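One structure is given here, and the rest of the page talks about it.
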There are 2 protein chains.
Amino acid sequence: MPVNLAAPAAADLLPVPGVRIGVAEAGVRKAGRKDLTVFLLEPGTAVGGVFTRNRFCAAPVQVCREHLAAGQGIRALVVNTGNANAGTGEDGLVRARASCIALARHLDLAPEQVLPFSTGVIMEPLPLDRIEAGLPAALADADAAHWLRAAEGIMTTDTLPKAVSRRVQVEGRAVTITGISKGAGMIRPNMATMLGFLATDACIAPQLMDSLALALAEGSFNRVTVDGDTSTNDAFVVMATGRAGHAPVESLDSVAGRVLFEAMQEVARLLAQAIVRDGEGATKFITVRVEGGRSAAECRQVAYAIAHSPLVKTAFFASDPNLGRILAAVGYAGIEDLDQSGIELHLDDVHVATRGGRHPAYREEDGQRVMKQSEITVRVGLGRGAAADTVWTCDFSHDYVTINADYRS
Amino acid sequence: MPVNLAAPAAADLLPVPGVRIGVAEAGVRKAGRKDLTVFLLEPGTAVGGVFTRNRFCAAPVQVCREHLAAGQGIRALVVNTGNANAGTGEDGLVRARASCIALARHLDLAPEQVLPFSTGVIMEPLPLDRIEAGLPAALADADAAHWLRAAEGIMTTDTLPKAVSRRVQVEGRAVTITGISKGAGMIRPNMATMLGFLATDACIAPQLMDSLALALAEGSFNRVTVDGDTSTNDAFVVMATGRAGHAPVESLDSVAGRVLFEAMQEVARLLAQAIVRDGEGATKFITVRVEGGRSAAECRQVAYAIAHSPLVKTAFFASDPNLGRILAAVGYAGIEDLDQSGIELHLDDVHVATRGGRHPAYREEDGQRVMKQSEITVRVGLGRGAAADTVWTCDFSHDYVTINADYRS
């Protein structure tokens, strides 16, 4: 059961001029499910991406990096689920490239103009024949209105499709932003997420796209975690078709750049949070805010220690205000010179601990009241600086074990 | 259900001359369970300890460090379960010191000659009155034969008492080594374990004791993990009464020092592994061996990434050879310049992956066969050096969630 998250209605998702999407059932792993998605981009679309920092990065991630670097202009994306094409060695690279060649042939493009994406089981050979056989159906399905189908087509253990649209005014023109994401487990993105695709018809200078993708990821996908497992296939791609017709955004610091960035950031953050809300077995959505650090990096370090602790996560699942577990996680987060007597802990509006010990006014029933909520904010004060950062996560339930013990069966 | 671990028989545990132990039911948290243990040491006993590196270390850990540094000779230990006296601020320190004062008064010692230990719930005030009221019964119970009672007296979520004895010849004298440990969750010791006590009647130079305790911990408690949560209360104490009457061991590099160290190391390792075998919800005992690293530290880093991955741990629980999850954990372990094409993976005798991809001869049924065992060795080759290290862990089951969701209820 996702936490306060509903499937979007197709009618709420705004088509992005210049982007068409087609989805097919290719039987990559199982029959009868949408598992092959193609994005078709008009010429002139600017594309940027960020990818997993897992050193065991998947073959399609390596090919994406090569093709983006080739600079021939990205015109299509091919996305399969059911197989991650990771841990597949040289043969995996050959198959990832072959999937690009196959789609490029249909569209009369160079293979370097296609980006490949795969998610699913690791260390199994990619069934290239099924993907190739599924491409004609996916291409025949291509339509600007198919964002919801695409969000469905990239799901694995997700229980719901995840998609968000926004419209903003840039330089006097209406600009559309629509994005989709997937992921529920193996979620601790490092530079990106399992899969996130965000498109806009805004006009953005191509040289801005990579830094834009990175900046968007830093405020969204790079701040969520389900289980601490950084995937081999994380990828977040931003596409700007330029169809809105305004003067190109040359800097994110311009007025137009800031308006656009804020709207895109909101879409990216909602998509990233949707992954946590639909985290495997999740019953609660937890915001971990760490303040008073010497740097944002050390605040993040503490926030992730809390967000990854199985003891903290099971306490949230049980609605048990066993909040000393949070203090323990703060203590082992790895800040060598941390002084426990400076630590403050709030749970929503409840002041739980002060100066490293239980707050004199804290009552168990107050902690209990907050723990029963489906949305909880943990706020830790480190008392050693002015920096802060925030991470979003979920609890750890029986269903997490069930889902991951049975994933392949 | 602990993994291949039985409760020791009282008759198998050898008394250590110079050490008496008393246990009582003090009702620290619940009535009717052994929760207060005292160790009484003859004058001249050399004592060394290592303690948690959690910056939120518990009050008794801070007091232990002070009292060991005071150098007045440790003559008694007081151990309670049911309450960790951690996250309790200044008041917690006052109560930890008061428990030492109370025991010292009974024994006509200085408070600095007593070491206090607490485990249990964090951020609750230590019920000092119950501990003080329980001391006379614990002292009346004191007996050299009470090691099994002590192992029972320090349990929390443990399902079995953990104790090991060995006898070796040192300088022509029979020397006894007996140790006990406790812990099942919040286990990722960093310099020590939840609680481990090891006593010998060997004669060891007092100045060796701290480095001996550290060296023993490095080969045992500092290499096990259940859930990655480093406790606030980890403590491992080594006591040498000198009653065996041989010439004092002045160096661990001497012949006598090596014999003694090896026997003590075996006891410490068995006690540490017993914690994993009795890990919360454990159904499998997993040895993670990482070889071919540039340093032992980077091998450990990779081994812990594997041992902490919820995805890897749930796959072991399910006996599902979803072994790509292990490769993913290797990849995100944080070795920035790791080359995936050098990675090898074995599961016991089965060669699963070579050069970063699935081994051509690997068959799913071979992986399945090993995954069904209750004891499994994961062996990863990094292919970049000659260093190696080993970590012991357990799987992640429904019972882990049940135990930790219900711990306080």
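In the structure tokens, the first chain shown is A, the next is B, and so on; residue numbers restart at 1 for each chain, and ligands run from 1 in the order shown.
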At a cut-off of 8 Å, can you tabulate as CSV every residue of chain B near chain A together with its closest atom pair and the distance in Å to one decimal, using only C-alpha atoms and ordering rows by chain then number?
residue,atom,partner,partner_atom,distance
B:Arg53,CA,A:Tyr332,CA,7.2
B:Asn54,CA,A:Tyr332,CA,4.5
B:Arg55,CA,A:Gly331,CA,4.3
B:Phe56,CA,A:Gly331,CA,4.4
B:Cys57,CA,A:Gly331,CA,7.3
B:Ala86,CA,A:Gly324,CA,7.7
B:Gly87,CA,A:Gly357,CA,4.8
B:Thr88,CA,A:Gly357,CA,4.2
B:Gly89,CA,A:Gly357,CA,4.2
B:Glu90,CA,A:Gly357,CA,7.7
B:Val121,CA,A:Gly324,CA,7.5
B:Ile122,CA,A:Gly324,CA,4.7
B:Met123,CA,A:Gly324,CA,5.2
B:Glu124,CA,A:Arg358,CA,7.6
B:Met186,CA,A:Leu311,CA,7.2
B:Asp227,CA,A:Pro310,CA,6.5
B:Gly228,CA,A:Ser309,CA,7.3
B:Asp229,CA,A:Ser309,CA,6.3
B:Thr230,CA,A:Tyr332,CA,6.0
B:Ser231,CA,A:Ala328,CA,6.5
B:Thr232,CA,A:Ala328,CA,5.9
B:Ser309,CA,A:Asp229,CA,6.3
B:Pro310,CA,A:Asp227,CA,6.5
B:Leu311,CA,A:Asn404,CA,6.5
B:Thr314,CA,A:Ala405,CA,5.3
B:Ala315,CA,A:Ala405,CA,5.4
B:Phe317,CA,A:Ala405,CA,6.7
B:Ala318,CA,A:Ala405,CA,4.8
B:Asp320,CA,A:Ala405,CA,7.2
B:Asn322,CA,A:Ile122,CA,7.6
B:Leu323,CA,A:Met123,CA,7.5
B:Gly324,CA,A:Ile122,CA,4.7
B:Arg325,CA,A:Ile122,CA,7.0
B:Leu327,CA,A:Phe56,CA,6.8
B:Ala328,CA,A:Thr232,CA,5.9
B:Ala329,CA,A:Asp229,CA,7.0
B:Val330,CA,A:Phe56,CA,7.3
B:Gly331,CA,A:Arg55,CA,4.3
B:Tyr332,CA,A:Asn54,CA,4.6
B:Ile335,CA,A:Arg55,CA,7.7
B:Glu336,CA,A:Arg55,CA,7.1
B:Asp337,CA,A:Arg55,CA,7.8
B:Leu338,CA,A:Arg55,CA,6.2
B:Asp339,CA,A:Arg55,CA,7.1
B:Gln340,CA,A:Phe56,CA,5.6
B:Ser341,CA,A:Gly89,CA,6.9
B:Arg355,CA,A:Gly89,CA,6.9
B:Gly356,CA,A:Gly89,CA,5.5
B:Gly357,CA,A:Thr88,CA,4.3
B:Arg358,CA,A:Met123,CA,6.0
B:Phe396,CA,A:Val401,CA,7.6
B:Ser397,CA,A:Val401,CA,6.4
B:His398,CA,A:His398,CA,5.7
B:Val401,CA,A:His398,CA,6.0
B:Thr402,CA,A:His398,CA,7.5
B:Asn404,CA,A:Thr314,CA,6.0
B:Ala405,CA,A:Ala318,CA,4.8
B:Asp406,CA,A:Ala318,CA,7.0
B:Arg408,CA,A:Asn322,CA,7.7
**OP:** Taking the DSSP assignment computed from this structure's backbone, write out as JSON, numbers by chain all residues of segment 17-117 of chain A that belong to alpha helix (DSSP H).
**Re:** {"A": [59, 60, 61, 62, 63, 64, 65, 66, 67, 68, 69, 70, 89, 90, 91, 92, 93, 94, 95, 96, 97, 98, 99, 100, 101, 102, 103, 104, 105, 106, 107]}
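Of the listed residues B:Ala282, B:Ala268, B:Val168, B:Ile180, the one whose atoms come nearest to Ala215 of chain B is B:Ala268, with distances taken using only C-alpha atoms.
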**OP:** Would you work out the distance separating atom CA of Leu139 of chain A from atom CA of Val38 of chain A, expressed in Å to one decimal?
**Re:**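 Taking atom CA of Leu139 of chain A and atom CA of Val38 of chain A, their separation equals 7.1 Å.
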**OP:** Give me every strand (DSSP E or B) residue in segment 164-259 of chain A, going by DSSP on the backbone, as number ranges by chain.
**Re:** A: 164-170, 173-182, 195-200, 204, 224-225, 235-240, 249
Could you save those same residues with N, CA, C and O atoms as a short mmCIF file (atom, residue, chain, number, x, y, z; two decimals), in the first residue's frame?
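Writing the result to again_20.cif gives the following:
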data_model
loop_
_atom_site.label_atom_id
_atom_site.label_comp_id
_atom_site.auth_asym_id
_atom_site.auth_seq_id
_atom_site.Cartn_x
_atom_site.Cartn_y
_atom_site.Cartn_z
N VAL A 164 3.89 13.22 -12.93
CA VAL A 164 3.51 14.56 -12.46
C VAL A 164 3.64 15.54 -13.63
O VAL A 164 4.59 15.44 -14.42
N SER A 165 2.68 16.47 -13.73
CA SER A 165 2.77 17.54 -14.73
C SER A 165 2.65 18.90 -14.05
O SER A 165 1.96 19.04 -13.04
N ARG A 166 3.29 19.88 -14.64
CA ARG A 166 3.13 21.27 -14.22
C ARG A 166 3.16 22.16 -15.46
O ARG A 166 3.76 21.79 -16.47
N ARG A 167 2.51 23.33 -15.34
CA ARG A 167 2.62 24.31 -16.42
C ARG A 167 3.03 25.63 -15.80
O ARG A 167 2.48 26.03 -14.77
N VAL A 168 4.02 26.29 -16.38
CA VAL A 168 4.47 27.60 -15.89
C VAL A 168 4.63 28.55 -17.07
O VAL A 168 4.70 28.13 -18.22
N GLN A 169 4.67 29.84 -16.75
CA GLN A 169 4.90 30.86 -17.76
C GLN A 169 6.39 31.20 -17.79
O GLN A 169 6.98 31.54 -16.76
N VAL A 170 6.99 31.11 -18.97
CA VAL A 170 8.40 31.47 -19.13
C VAL A 170 8.49 32.44 -20.29
O VAL A 170 8.07 32.11 -21.41
N ARG A 173 5.46 32.75 -22.37
CA ARG A 173 4.89 31.58 -23.04
C ARG A 173 4.53 30.51 -21.99
O ARG A 173 5.25 30.35 -21.01
N ALA A 174 3.47 29.77 -22.27
CA ALA A 174 3.13 28.64 -21.40
C ALA A 174 4.09 27.49 -21.69
O ALA A 174 4.25 27.11 -22.85
N VAL A 175 4.71 27.00 -20.65
CA VAL A 175 5.66 25.89 -20.80
C VAL A 175 5.14 24.70 -20.01
O VAL A 175 4.66 24.85 -18.88
N THR A 176 5.22 23.53 -20.60
CA THR A 176 4.73 22.30 -19.96
C THR A 176 5.91 21.47 -19.45
O THR A 176 6.95 21.39 -20.11
N ILE A 177 5.74 20.88 -18.27
CA ILE A 177 6.75 19.97 -17.72
C ILE A 177 6.00 18.71 -17.30
O ILE A 177 5.06 18.78 -16.50
N THR A 178 6.41 17.57 -17.83
CA THR A 178 5.82 16.30 -17.39
C THR A 178 6.93 15.31 -17.14
O THR A 178 7.89 15.24 -17.90
N GLY A 179 6.80 14.56 -16.06
CA GLY A 179 7.83 13.58 -15.73
C GLY A 179 7.23 12.29 -15.21
O GLY A 179 6.09 12.27 -14.73
N ILE A 180 8.00 11.22 -15.34
CA ILE A 180 7.58 9.93 -14.78
C ILE A 180 8.78 9.33 -14.05
O ILE A 180 9.93 9.68 -14.31
N SER A 181 8.50 8.44 -13.11
CA SER A 181 9.58 7.74 -12.43
C SER A 181 9.12 6.35 -12.07
O SER A 181 7.92 6.04 -12.09
N LYS A 182 10.07 5.50 -11.74
CA LYS A 182 9.75 4.16 -11.25
C LYS A 182 10.79 3.78 -10.21
O LYS A 182 11.89 4.33 -10.16
N LEU A 195 14.78 4.97 -12.37
CA LEU A 195 14.51 5.59 -13.67
C LEU A 195 13.64 6.81 -13.44
O LEU A 195 12.61 6.72 -12.79
N GLY A 196 14.07 7.93 -13.97
CA GLY A 196 13.25 9.13 -13.97
C GLY A 196 13.39 9.81 -15.32
O GLY A 196 14.50 9.94 -15.84
N PHE A 197 12.25 10.18 -15.89
CA PHE A 197 12.26 10.88 -17.18
C PHE A 197 11.44 12.14 -17.01
O PHE A 197 10.30 12.08 -16.54
N LEU A 198 12.01 13.25 -17.39
CA LEU A 198 11.32 14.51 -17.24
C LEU A 198 11.45 15.26 -18.57
O LEU A 198 12.56 15.42 -19.08
N ALA A 199 10.31 15.68 -19.12
CA ALA A 199 10.34 16.38 -20.41
C ALA A 199 9.67 17.73 -20.28
O ALA A 199 8.73 17.90 -19.49
N THR A 200 10.15 18.68 -21.05
CA THR A 200 9.53 19.99 -21.11
C THR A 200 9.66 20.51 -22.53
O THR A 200 10.58 20.13 -23.26
N ILE A 204 15.86 25.41 -23.76
CA ILE A 204 16.99 25.48 -22.83
C ILE A 204 18.26 25.24 -23.61
O ILE A 204 18.33 24.31 -24.42
N VAL A 224 16.39 10.65 -1.62
CA VAL A 224 15.44 9.63 -1.16
C VAL A 224 16.17 8.30 -0.99
O VAL A 224 17.17 8.04 -1.64
N THR A 225 15.67 7.48 -0.07
CA THR A 225 16.21 6.14 0.11
C THR A 225 15.10 5.23 0.60
O THR A 225 14.27 5.63 1.41
N ALA A 235 19.05 6.08 -13.43
CA ALA A 235 19.21 7.05 -14.52
C ALA A 235 18.10 8.08 -14.42
O ALA A 235 16.94 7.74 -14.15
N PHE A 236 18.46 9.32 -14.60
CA PHE A 236 17.49 10.41 -14.60
C PHE A 236 17.81 11.27 -15.82
O PHE A 236 18.93 11.76 -15.96
N VAL A 237 16.83 11.41 -16.69
CA VAL A 237 17.05 12.09 -17.96
C VAL A 237 16.08 13.26 -18.08
O VAL A 237 14.90 13.13 -17.77
N VAL A 238 16.60 14.39 -18.52
CA VAL A 238 15.80 15.60 -18.72
C VAL A 238 15.83 15.94 -20.20
O VAL A 238 16.91 15.98 -20.81
N MET A 239 14.65 16.15 -20.75
CA MET A 239 14.54 16.44 -22.18
C MET A 239 13.81 17.77 -22.37
O MET A 239 12.76 17.99 -21.76
N ALA A 240 14.36 18.64 -23.19
CA ALA A 240 13.73 19.93 -23.46
C ALA A 240 13.57 20.09 -24.97
O ALA A 240 14.57 20.20 -25.69
N VAL A 249 16.57 29.69 -22.62
CA VAL A 249 17.13 29.93 -21.29
C VAL A 249 18.62 29.61 -21.36
O VAL A 249 19.00 28.47 -21.65
#
**OP:** Name the residues in contact with segment 292-297 of chain A at a cut-off of 9 Å, using only C-alpha atoms, excluding same-chain residues fewer than 5 positions from it; report them as number ranges by chain.
**Re:** A: 302, 380-389
**OP:** Pick out the residues sitting within 7 Å of Lys284 of chain A, and hand them over as a ChimeraX atom specification; count only C-alpha atoms, and ignore anything fewer than 4 positions along from it in its own chain.
**Re:** /A:3,374-375,394-395
Would you tabulate, counting only C-alpha atoms, all residues of segment 234-350 of chain A that have an atom at most 12 Å from an atom of segment 4-23 of chain A, showing the closest pair of atoms and their distance in Å to one decimal, sorted by chain then ascending number, as CSV?
residue,atom,partner,partner_atom,distance
A:Val238,CA,A:Val19,CA,12.0
A:Met239,CA,A:Val19,CA,8.9
A:Ala240,CA,A:Gly18,CA,8.7
A:Thr241,CA,A:Gly18,CA,5.6
A:Gly242,CA,A:Gly18,CA,8.0
A:Arg243,CA,A:Pro17,CA,6.0
A:Ala244,CA,A:Pro17,CA,7.8
A:Gly245,CA,A:Pro17,CA,10.7
A:Val267,CA,A:Leu13,CA,11.8
A:Leu270,CA,A:Leu5,CA,10.3
A:Leu271,CA,A:Leu5,CA,10.8
A:Gln273,CA,A:Leu5,CA,9.6
A:Ala274,CA,A:Leu5,CA,6.9
A:Ile275,CA,A:Leu5,CA,9.7
A:Val276,CA,A:Leu5,CA,9.9
A:Arg277,CA,A:Leu5,CA,6.5
A:Asp278,CA,A:Leu5,CA,7.5
A:Gly279,CA,A:Leu5,CA,11.0
A:Ala282,CA,A:Asn4,CA,10.6
A:Thr283,CA,A:Asn4,CA,9.2
A:Lys284,CA,A:Asn4,CA,8.7
A:Phe285,CA,A:Asn4,CA,8.3
A:Ile286,CA,A:Asn4,CA,11.9
**OP:** Determine the nearest neighbour of Val255 of chain B from the options B:Ser220, B:Glu152, B:Gly172, B:Thr81, counting only C-alpha atoms.
**Re:**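 Smallest separation from Val255 of chain B among the options: B:Gly172.
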**OP:** For Ala138 of chain A, list every protein, DNA or RNA residue within 12 Å, evaluated using only C-alpha atoms, and leave out those in the same chain fewer than 3 positions away; present the list as number ranges by chain.
**Re:** A: 20-26, 34-40, 77-80, 103, 106, 131-135, 141-143, 146, 149-150, 153
Resulting file, chosen residues, N, CA and C atoms, as a tab-separated table (two decimals), in the first residue's frame:
chain	number	residue	atom	x	y	z
A	20	ARG	N	6.72	12.07	-28.19
A	20	ARG	CA	5.71	11.02	-28.34
A	20	ARG	C	6.22	9.76	-27.65
A	21	ILE	N	5.28	8.98	-27.14
A	21	ILE	CA	5.66	7.80	-26.35
A	21	ILE	C	4.85	6.60	-26.81
A	22	GLY	N	5.54	5.48	-26.96
A	22	GLY	CA	4.86	4.24	-27.32
A	22	GLY	C	5.24	3.12	-26.37
A	23	VAL	N	4.27	2.28	-26.06
A	23	VAL	CA	4.48	1.21	-25.09
A	23	VAL	C	4.00	-0.11	-25.67
A	24	ALA	N	4.72	-1.19	-25.37
A	24	ALA	CA	4.32	-2.51	-25.87
A	24	ALA	C	4.56	-3.58	-24.82
A	25	GLU	N	3.93	-4.73	-25.03
A	25	GLU	CA	4.19	-5.92	-24.21
A	25	GLU	C	5.15	-6.81	-24.98
A	26	ALA	N	6.40	-6.82	-24.57
A	26	ALA	CA	7.41	-7.57	-25.32
A	26	ALA	C	7.74	-8.91	-24.67
A	34	LYS	N	3.11	-4.53	-19.77
A	34	LYS	CA	3.82	-3.48	-20.52
A	34	LYS	C	5.26	-3.46	-20.02
A	35	ASP	N	6.20	-3.74	-20.89
A	35	ASP	CA	7.58	-3.80	-20.43
A	35	ASP	C	8.56	-3.16	-21.42
A	36	LEU	N	8.04	-2.56	-22.48
A	36	LEU	CA	8.92	-1.92	-23.47
A	36	LEU	C	8.34	-0.56	-23.82
A	37	THR	N	9.13	0.48	-23.61
A	37	THR	CA	8.66	1.85	-23.83
A	37	THR	C	9.66	2.58	-24.70
A	38	VAL	N	9.15	3.30	-25.70
A	38	VAL	CA	10.05	4.15	-26.49
A	38	VAL	C	9.60	5.61	-26.37
A	39	PHE	N	10.56	6.49	-26.25
A	39	PHE	CA	10.33	7.94	-26.32
A	39	PHE	C	10.88	8.40	-27.66
A	40	LEU	N	10.07	9.18	-28.40
A	40	LEU	CA	10.52	9.74	-29.67
A	40	LEU	C	10.57	11.26	-29.53
A	77	LEU	N	14.57	7.18	-26.95
A	77	LEU	CA	14.94	6.40	-25.77
A	77	LEU	C	14.25	5.05	-25.89
A	78	VAL	N	14.94	3.99	-25.50
A	78	VAL	CA	14.31	2.66	-25.46
A	78	VAL	C	14.48	2.11	-24.05
A	79	VAL	N	13.36	1.77	-23.42
A	79	VAL	CA	13.36	1.40	-22.01
A	79	VAL	C	12.70	0.04	-21.84
A	80	ASN	N	13.42	-0.91	-21.24
A	80	ASN	CA	12.74	-2.18	-20.91
A	80	ASN	C	12.76	-2.42	-19.42
A	103	LEU	N	16.49	0.11	-32.81
A	103	LEU	CA	15.53	1.22	-32.82
A	103	LEU	C	15.96	2.29	-33.83
A	106	HIS	N	14.79	1.54	-37.36
A	106	HIS	CA	13.37	1.87	-37.60
A	106	HIS	C	13.18	3.36	-37.87
A	131	ILE	N	13.04	-7.87	-27.34
A	131	ILE	CA	12.99	-6.41	-27.43
A	131	ILE	C	12.89	-5.98	-28.89
A	132	GLU	N	13.71	-6.58	-29.72
A	132	GLU	CA	13.66	-6.25	-31.15
A	132	GLU	C	12.29	-6.57	-31.73
A	133	ALA	N	11.75	-7.71	-31.33
A	133	ALA	CA	10.44	-8.11	-31.85
A	133	ALA	C	9.33	-7.19	-31.35
A	134	GLY	N	9.53	-6.56	-30.20
A	134	GLY	CA	8.49	-5.70	-29.63
A	134	GLY	C	8.53	-4.28	-30.15
A	135	LEU	N	9.62	-3.88	-30.79
A	135	LEU	CA	9.76	-2.47	-31.20
A	135	LEU	C	8.67	-2.00	-32.16
A	141	ASP	N	2.45	2.47	-31.40
A	141	ASP	CA	1.67	3.01	-30.28
A	141	ASP	C	2.01	4.48	-29.99
A	142	ALA	N	3.02	5.00	-30.64
A	142	ALA	CA	3.57	6.31	-30.24
A	142	ALA	C	2.54	7.43	-30.33
A	143	ASP	N	2.43	8.17	-29.22
A	143	ASP	CA	1.43	9.24	-29.13
A	143	ASP	C	1.87	10.21	-28.03
A	146	HIS	N	0.59	9.62	-24.27
A	146	HIS	CA	0.81	8.32	-23.62
A	146	HIS	C	1.71	8.35	-22.39
A	149	ARG	N	0.71	5.63	-19.84
A	149	ARG	CA	1.14	4.31	-20.33
A	149	ARG	C	2.65	4.13	-20.10
A	150	ALA	N	3.40	5.18	-20.34
A	150	ALA	CA	4.85	5.08	-20.14
A	150	ALA	C	5.18	4.84	-18.66
A	153	GLY	N	4.60	1.42	-18.10
A	153	GLY	CA	5.52	0.57	-18.85
A	153	GLY	C	6.89	0.43	-18.23
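Around Val391 of chain A, within 8 Å and counting only C-alpha atoms, the residues found are Arg223, Val224, Thr225, Thr287, Val288, Arg289, Arg300, Ala303, Tyr304 and Ala307 of chain A, once anything fewer than 4 positions away on its own chain is removed.
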